[in-house]
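A.B. asks: Sharing entry-v8.pdb (PDB, C-alpha atoms and all ligand atoms) below.
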```
ATOM      1  CA  MET A   1     172.478 -37.448  42.631
ATOM      2  CA  THR A   2     168.970 -35.986  42.497
ATOM      3  CA  THR A   3     166.493 -34.702  45.060
ATOM      4  CA  GLU A   4     164.344 -37.743  44.258
ATOM      5  CA  THR A   5     167.214 -40.149  45.082
ATOM      6  CA  VAL A   6     167.685 -38.563  48.495
ATOM      7  CA  LYS A   7     163.921 -38.437  49.080
ATOM      8  CA  GLN A   8     163.722 -42.189  48.401
ATOM      9  CA  ALA A   9     166.417 -42.784  51.035
ATOM     10  CA  ILE A  10     164.315 -41.259  53.851
ATOM     11  CA  ARG A  11     162.853 -43.998  56.052
ATOM     12  CA  ASN A  12     159.186 -43.754  57.061
ATOM     13  CA  ILE A  13     158.356 -44.945  60.553
ATOM     14  CA  PRO A  14     154.601 -45.202  61.155
ATOM     15  CA  ASP A  15     153.197 -44.302  64.570
ATOM     16  CA  PHE A  16     156.413 -42.802  65.999
ATOM     17  CA  PRO A  17     156.755 -41.238  68.543
ATOM     18  CA  ILE A  18     152.949 -41.468  68.955
ATOM     19  CA  LYS A  19     150.124 -43.141  67.054
ATOM     20  CA  GLY A  20     149.133 -41.286  63.897
ATOM     21  CA  ILE A  21     152.528 -39.619  63.259
ATOM     22  CA  GLN A  22     154.452 -40.802  60.200
ATOM     23  CA  PHE A  23     158.032 -40.106  61.288
ATOM     24  CA  LYS A  24     160.507 -39.143  58.559
ATOM     25  CA  ASP A  25     163.762 -40.760  59.660
ATOM     26  CA  LEU A  26     166.728 -38.976  58.067
ATOM     27  CA  THR A  27     169.376 -41.172  59.706
ATOM     28  CA  THR A  28     169.144 -43.339  56.570
ATOM     29  CA  VAL A  29     170.253 -40.285  54.571
ATOM     30  CA  PHE A  30     172.961 -39.083  56.966
ATOM     31  CA  ILE A  31     174.580 -42.544  57.026
ATOM     32  CA  LYS A  32     175.666 -42.251  53.355
ATOM     33  CA  PRO A  33     178.675 -40.002  52.690
ATOM     34  CA  GLU A  34     177.510 -39.201  49.155
ATOM     35  CA  TYR A  35     174.213 -37.861  50.548
ATOM     36  CA  LEU A  36     176.074 -35.731  53.097
ATOM     37  CA  THR A  37     178.163 -34.322  50.247
ATOM     38  CA  TRP A  38     175.003 -33.604  48.244
ATOM     39  CA  LEU A  39     173.319 -31.860  51.208
ATOM     40  CA  ARG A  40     176.464 -29.788  51.769
ATOM     41  CA  GLN A  41     176.606 -28.841  48.080
ATOM     42  CA  GLN A  42     172.941 -27.804  48.073
ATOM     43  CA  MET A  43     173.575 -25.518  51.053
ATOM     44  CA  ILE A  44     176.628 -23.953  49.389
ATOM     45  CA  GLN A  45     174.756 -23.358  46.111
ATOM     46  CA  ARG A  46     171.832 -21.704  47.859
ATOM     47  CA  TYR A  47     173.497 -19.725  50.636
ATOM     48  CA  ALA A  48     177.095 -18.884  49.722
ATOM     49  CA  GLY A  49     177.444 -15.207  48.828
ATOM     50  CA  LYS A  50     174.442 -14.060  50.890
ATOM     51  CA  GLY A  51     176.662 -12.704  53.654
ATOM     52  CA  ILE A  52     175.410 -15.221  56.223
ATOM     53  CA  THR A  53     177.440 -14.872  59.417
ATOM     54  CA  LYS A  54     175.754 -17.513  61.650
ATOM     55  CA  VAL A  55     173.970 -20.783  60.949
ATOM     56  CA  VAL A  56     171.600 -21.592  63.819
ATOM     57  CA  GLY A  57     170.680 -25.281  64.298
ATOM     58  CA  MET A  58     167.592 -26.517  66.180
ATOM     59  CA  GLU A  59     168.125 -29.243  68.797
ATOM     60  CA  SER A  60     168.701 -31.920  67.973
ATOM     61  CA  ARG A  61     168.324 -33.053  64.378
ATOM     62  CA  GLY A  62     169.157 -29.556  63.195
ATOM     63  CA  PHE A  63     172.657 -30.059  64.650
ATOM     64  CA  ILE A  64     173.723 -32.483  61.940
ATOM     65  CA  ILE A  65     173.799 -30.428  58.745
ATOM     66  CA  ALA A  66     173.909 -26.888  60.196
ATOM     67  CA  PRO A  67     177.588 -26.999  61.283
ATOM     68  CA  MET A  68     178.606 -28.552  57.938
ATOM     69  CA  ALA A  69     176.800 -25.769  56.101
ATOM     70  CA  ALA A  70     178.269 -23.117  58.398
ATOM     71  CA  GLU A  71     181.819 -24.279  57.782
ATOM     72  CA  ALA A  72     181.224 -24.537  54.026
ATOM     73  CA  ILE A  73     179.919 -20.967  53.656
ATOM     74  CA  GLY A  74     182.311 -19.368  56.144
ATOM     75  CA  ALA A  75     179.766 -18.753  58.917
ATOM     76  CA  GLY A  76     179.722 -19.665  62.611
ATOM     77  CA  PHE A  77     177.422 -22.263  64.191
ATOM     78  CA  VAL A  78     174.949 -21.480  67.005
ATOM     79  CA  PRO A  79     172.791 -24.071  68.798
ATOM     80  CA  VAL A  80     169.165 -23.487  69.829
ATOM     81  CA  ARG A  81     168.459 -25.864  72.697
ATOM     82  CA  LYS A  82     165.774 -27.158  75.018
ATOM     83  CA  PRO A  83     165.694 -25.569  78.505
ATOM     84  CA  ASN A  84     168.568 -25.970  80.982
ATOM     85  CA  LYS A  85     171.114 -27.239  78.444
ATOM     86  CA  LEU A  86     172.992 -24.026  77.622
ATOM     87  CA  PRO A  87     175.438 -22.935  80.351
ATOM     88  CA  ALA A  88     175.606 -19.140  79.907
ATOM     89  CA  GLU A  89     172.912 -16.436  79.953
ATOM     90  CA  VAL A  90     169.998 -17.321  77.644
ATOM     91  CA  ILE A  91     166.883 -15.801  76.147
ATOM     92  CA  GLU A  92     163.932 -18.084  75.597
ATOM     93  CA  GLN A  93     160.711 -18.457  73.671
ATOM     94  CA  SER A  94     157.752 -20.717  74.398
ATOM     95  CA  TYR A  95     155.420 -22.106  71.773
ATOM     96  CA  GLU A  96     152.268 -24.207  71.571
ATOM     97  CA  LYS A  97     152.612 -27.871  70.730
ATOM     98  CA  GLU A  98     149.768 -30.240  69.938
ATOM     99  CA  TYR A  99     149.666 -31.065  73.653
ATOM    100  CA  GLY A 100     150.957 -28.352  75.967
ATOM    101  CA  VAL A 101     153.748 -25.835  75.636
ATOM    102  CA  ASP A 102     157.453 -26.164  74.796
ATOM    103  CA  THR A 103     160.359 -23.754  75.238
ATOM    104  CA  ILE A 104     163.615 -23.198  73.342
ATOM    105  CA  GLN A 105     166.639 -21.169  74.391
ATOM    106  CA  ILE A 106     169.650 -19.500  72.777
ATOM    107  CA  HIS A 107     172.712 -17.904  74.369
ATOM    108  CA  LYS A 108     172.025 -14.192  74.680
ATOM    109  CA  ASP A 109     175.429 -13.254  73.255
ATOM    110  CA  ALA A 110     175.352 -15.784  70.365
ATOM    111  CA  LEU A 111     173.768 -13.365  67.867
ATOM    112  CA  ASN A 112     173.947  -9.606  67.409
ATOM    113  CA  SER A 113     172.402  -6.834  65.307
ATOM    114  CA  GLU A 114     175.085  -7.222  62.608
ATOM    115  CA  ASP A 115     174.318 -10.903  61.979
ATOM    116  CA  ILE A 116     172.727 -12.332  58.842
ATOM    117  CA  VAL A 117     171.311 -15.580  60.135
ATOM    118  CA  LEU A 118     170.346 -18.904  58.572
ATOM    119  CA  LEU A 119     167.981 -20.882  60.828
ATOM    120  CA  HIS A 120     168.079 -24.611  60.022
ATOM    121  CA  ASP A 121     166.144 -27.701  61.079
ATOM    122  CA  ASP A 122     165.845 -31.150  59.531
ATOM    123  CA  LEU A 123     162.079 -30.982  59.075
ATOM    124  CA  LEU A 124     159.194 -28.504  58.968
ATOM    125  CA  ALA A 125     155.949 -29.917  60.352
ATOM    126  CA  THR A 126     153.549 -27.449  62.046
ATOM    127  CA  GLY A 127     156.186 -24.700  62.134
ATOM    128  CA  GLY A 128     155.908 -24.150  65.899
ATOM    129  CA  THR A 129     159.575 -24.790  66.638
ATOM    130  CA  MET A 130     160.897 -22.612  63.829
ATOM    131  CA  SER A 131     158.523 -19.713  64.470
ATOM    132  CA  ALA A 132     159.777 -19.669  68.081
ATOM    133  CA  ALA A 133     163.378 -19.586  66.762
ATOM    134  CA  ILE A 134     162.466 -16.706  64.426
ATOM    135  CA  LYS A 135     161.056 -14.823  67.437
ATOM    136  CA  LEU A 136     164.348 -15.360  69.309
ATOM    137  CA  ALA A 137     166.388 -13.979  66.390
ATOM    138  CA  LYS A 138     163.990 -11.022  66.091
ATOM    139  CA  LYS A 139     164.168 -10.323  69.851
ATOM    140  CA  ILE A 140     167.938 -10.003  69.474
ATOM    141  CA  GLY A 141     167.363  -7.885  66.367
ATOM    142  CA  VAL A 142     169.529  -9.542  63.702
ATOM    143  CA  LYS A 143     169.953  -7.905  60.282
ATOM    144  CA  LYS A 144     168.292 -10.607  58.158
ATOM    145  CA  ILE A 145     166.858 -14.100  58.621
ATOM    146  CA  TYR A 146     166.820 -17.050  56.198
ATOM    147  CA  VAL A 147     164.966 -20.253  57.121
ATOM    148  CA  ASP A 148     166.012 -23.658  55.801
ATOM    149  CA  PHE A 149     164.798 -27.254  56.095
ATOM    150  CA  ILE A 150     165.832 -30.519  54.512
ATOM    151  CA  VAL A 151     162.225 -31.785  54.506
ATOM    152  CA  GLU A 152     158.865 -29.985  54.518
ATOM    153  CA  LEU A 153     155.511 -31.670  55.156
ATOM    154  CA  ASP A 154     153.439 -29.501  52.804
ATOM    155  CA  ALA A 155     150.017 -30.602  54.056
ATOM    156  CA  LEU A 156     150.663 -29.070  57.492
ATOM    157  CA  HIS A 157     151.248 -25.559  56.032
ATOM    158  CA  GLY A 158     153.907 -24.843  58.664
ATOM    159  CA  ARG A 159     155.450 -22.045  56.605
ATOM    160  CA  ASP A 160     152.227 -20.010  56.916
ATOM    161  CA  LYS A 161     153.278 -19.327  60.536
ATOM    162  CA  PHE A 162     156.387 -17.409  59.419
ATOM    163  CA  ASP A 163     156.457 -13.669  58.721
ATOM    164  CA  LYS A 164     156.148 -12.974  55.008
ATOM    165  CA  ASP A 165     159.444 -11.046  54.850
ATOM    166  CA  ILE A 166     161.421 -14.235  55.584
ATOM    167  CA  GLU A 167     162.845 -16.395  52.791
ATOM    168  CA  VAL A 168     161.985 -20.050  53.478
ATOM    169  CA  HIS A 169     163.444 -23.009  51.598
ATOM    170  CA  SER A 170     163.059 -26.787  51.855
ATOM    171  CA  LEU A 171     164.966 -29.236  49.678
ATOM    172  CA  ILE A 172     162.483 -32.107  49.793
ATOM    173  CA  HIS A 173     158.691 -31.948  49.935
ATOM    174  CA  PHE A 174     156.186 -34.586  51.023
TER     175      PHE A 174
HETATM  176  P1  LIG B 201     157.120 -28.479  64.168
HETATM  177  O1  LIG B 201     157.481 -27.558  65.287
HETATM  178  O2  LIG B 201     155.739 -29.052  64.294
HETATM  179  O3  LIG B 201     157.371 -27.864  62.808
HETATM  180  O4  LIG B 201     158.054 -29.760  64.307
HETATM  181  C1  LIG B 201     159.351 -29.704  63.870
HETATM  182  C2  LIG B 201     160.288 -30.492  64.746
HETATM  183  O5  LIG B 201     159.758 -31.751  65.134
HETATM  184  C3  LIG B 201     161.553 -30.771  63.994
HETATM  185  O6  LIG B 201     162.644 -30.582  64.875
HETATM  186  C4  LIG B 201     161.429 -32.213  63.537
HETATM  187  O7  LIG B 201     162.654 -32.885  63.691
HETATM  188  C5  LIG B 201     160.363 -32.821  64.426
HETATM  189  N1  LIG B 201     159.283 -33.499  63.682
HETATM  190  C6  LIG B 201     157.982 -33.148  63.668
HETATM  191  N2  LIG B 201     157.238 -33.978  62.918
HETATM  192  C7  LIG B 201     158.093 -34.885  62.414
HETATM  193  C8  LIG B 201     157.943 -36.025  61.518
HETATM  194  N3  LIG B 201     156.755 -36.385  61.004
HETATM  195  N4  LIG B 201     159.054 -36.699  61.192
HETATM  196  C9  LIG B 201     160.261 -36.351  61.688
HETATM  197  N5  LIG B 201     160.460 -35.317  62.535
HETATM  198  C10 LIG B 201     159.396 -34.583  62.896
END
```
Any chance you could give the structure as structure tokens?
Ligand code: AMP

C.D. replies:
Amino acid sequence: MTTETVKQAIRNIPDFPIKGIQFKDLTTVFIKPEYLTWLRQQMIQRYAGKGITKVVGMESRGFIIAPMAAEAIGAGFVPVRKPNKLPAEVIEQSYEKEYGVDTIQIHKDALNSEDIVLLHDDLLATGGTMSAAIKLAKKIGVKKIYVDFIVELDALHGRDKFDKDIEVHSLIHF
């Protein structure tokens, strides 16, 4: 199994969800057990031994690999969700989208100052979602932050939005 094999398995959907967006559909990767195993292995190779205590997944496509990775490296899983989904006390962060503003939330007691955190999403586009998640982790004051994606759309330069002290990794680049 190579990165190229998995890259080839990603389905391109033109003009979804709106005209002009080329949607990278990873369901065609997740459906194959051997690709799930490969993704899991890649996470273990990169992140085991870094002392990561929590893997934080972004709603909703970040919920697929993040718990697998968490279990594999002996960390807990924490969801970041859209407003009014989490039942206990939350902190939130708003961010600019192409049209309008969006907000994400995390349980206030899900992370603490002792945590080494891996923030994960399926795809990095403009970086708005992930930079809001980084702000949430920083508001709580965690010890260290790693940022991880399966896919990065290089032309959008999303990673330029992240603070330079944060290690960012994507497995597959378009
Ligand atoms: P952004 O905040 O612009 O980096 O967008 C990242 C979020 O939107 C991720 O949760 C992705 O799942 C989703 N997303 C944005 N653009 C695409 C795309 N072209 N294909 C698939 N998902 C996308």

A.B. asks: Once the PyMOL selection byres (((not hetatm)) within 7 of (chain B and resi 201)) has been applied to the shown file, what residues remain in the selection, as a count of residues only?

C.D. replies: 21

A.B. asks: So the first atom is CA of Lys85 (chain A) and the second is CA of Ala132 (chain A); what is the distance between them in Å, to one decimal place?

C.D. replies: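 Computing it gives 17.1 Å between the two atoms.
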
A.B. asks: Just give me the gap between CA of Arg11 (chain A) and CA of Phe63 (chain A) in Å, one decimal is fine.

C.D. replies: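 Going from CA of Arg11 (chain A) over to CA of Phe63 (chain A), I get 19.1 Å.
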
A.B. asks: Using all atoms listed in the file, which residues sit within 9 Å of Lys144 (chain A) once same-chain residues fewer than 3 positions away are excluded, as a ChimeraX atom specification?

C.D. replies: /A:52,114-118,141,166

A.B. asks: I'd like the contact shell of region 35-49 of chain A - 12 Å cut-off, all atoms listed in the file, skipping same-chain residues fewer than 4 positions apart - returned as a PyMOL selection string.

C.D. replies: chain A and resi 1-10+26-31+53-55+64-75+116-120+122+145-151+167-172

A.B. asks: Evaluate the PyMOL selection byres (((chain A and resi 86-100) around 8) and not hetatm) against this structure - the residues, as a list in words, please.

C.D. replies: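 In the shown coordinates, the PyMOL selection byres (((chain A and resi 86-100) around 8) and not hetatm) covers Arg81, Pro83, Asn84, Lys85, Val101, Asp102, Thr103, Ile104, Gln105, Ile106, His107, Lys108, Asp109, Gly128, Thr129, Ala132, Ala133, Lys135 and Leu136 of chain A.
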
A.B. asks: So how many Å separate CA of Phe162 (chain A) and CA of Gly51 (chain A), to one decimal?

C.D. replies: 21.6 Å

A.B. asks: So, counting all atoms listed in the file, which residue among A:Asn12, A:Lys32, A:Ile134, A:Lys139 is closest to Val56 (chain A)?

C.D. replies: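 Answer, going by the shortest atom-to-atom distance: A:Ile134.
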
A.B. asks: Around all the atoms of region 17-33 of chain A listed in the file, draw an axis-aligned box and extend it by 8 Å on each of the six sides; I want its centre and edge lengths in Å to one decimal, as AutoDock Vina command-line options.

C.D. replies:
```
--center_x 163.9 --center_y -41.2 --center_z 60.8 --size_x 45.5 --size_y 20.4 --size_z 32.3
```
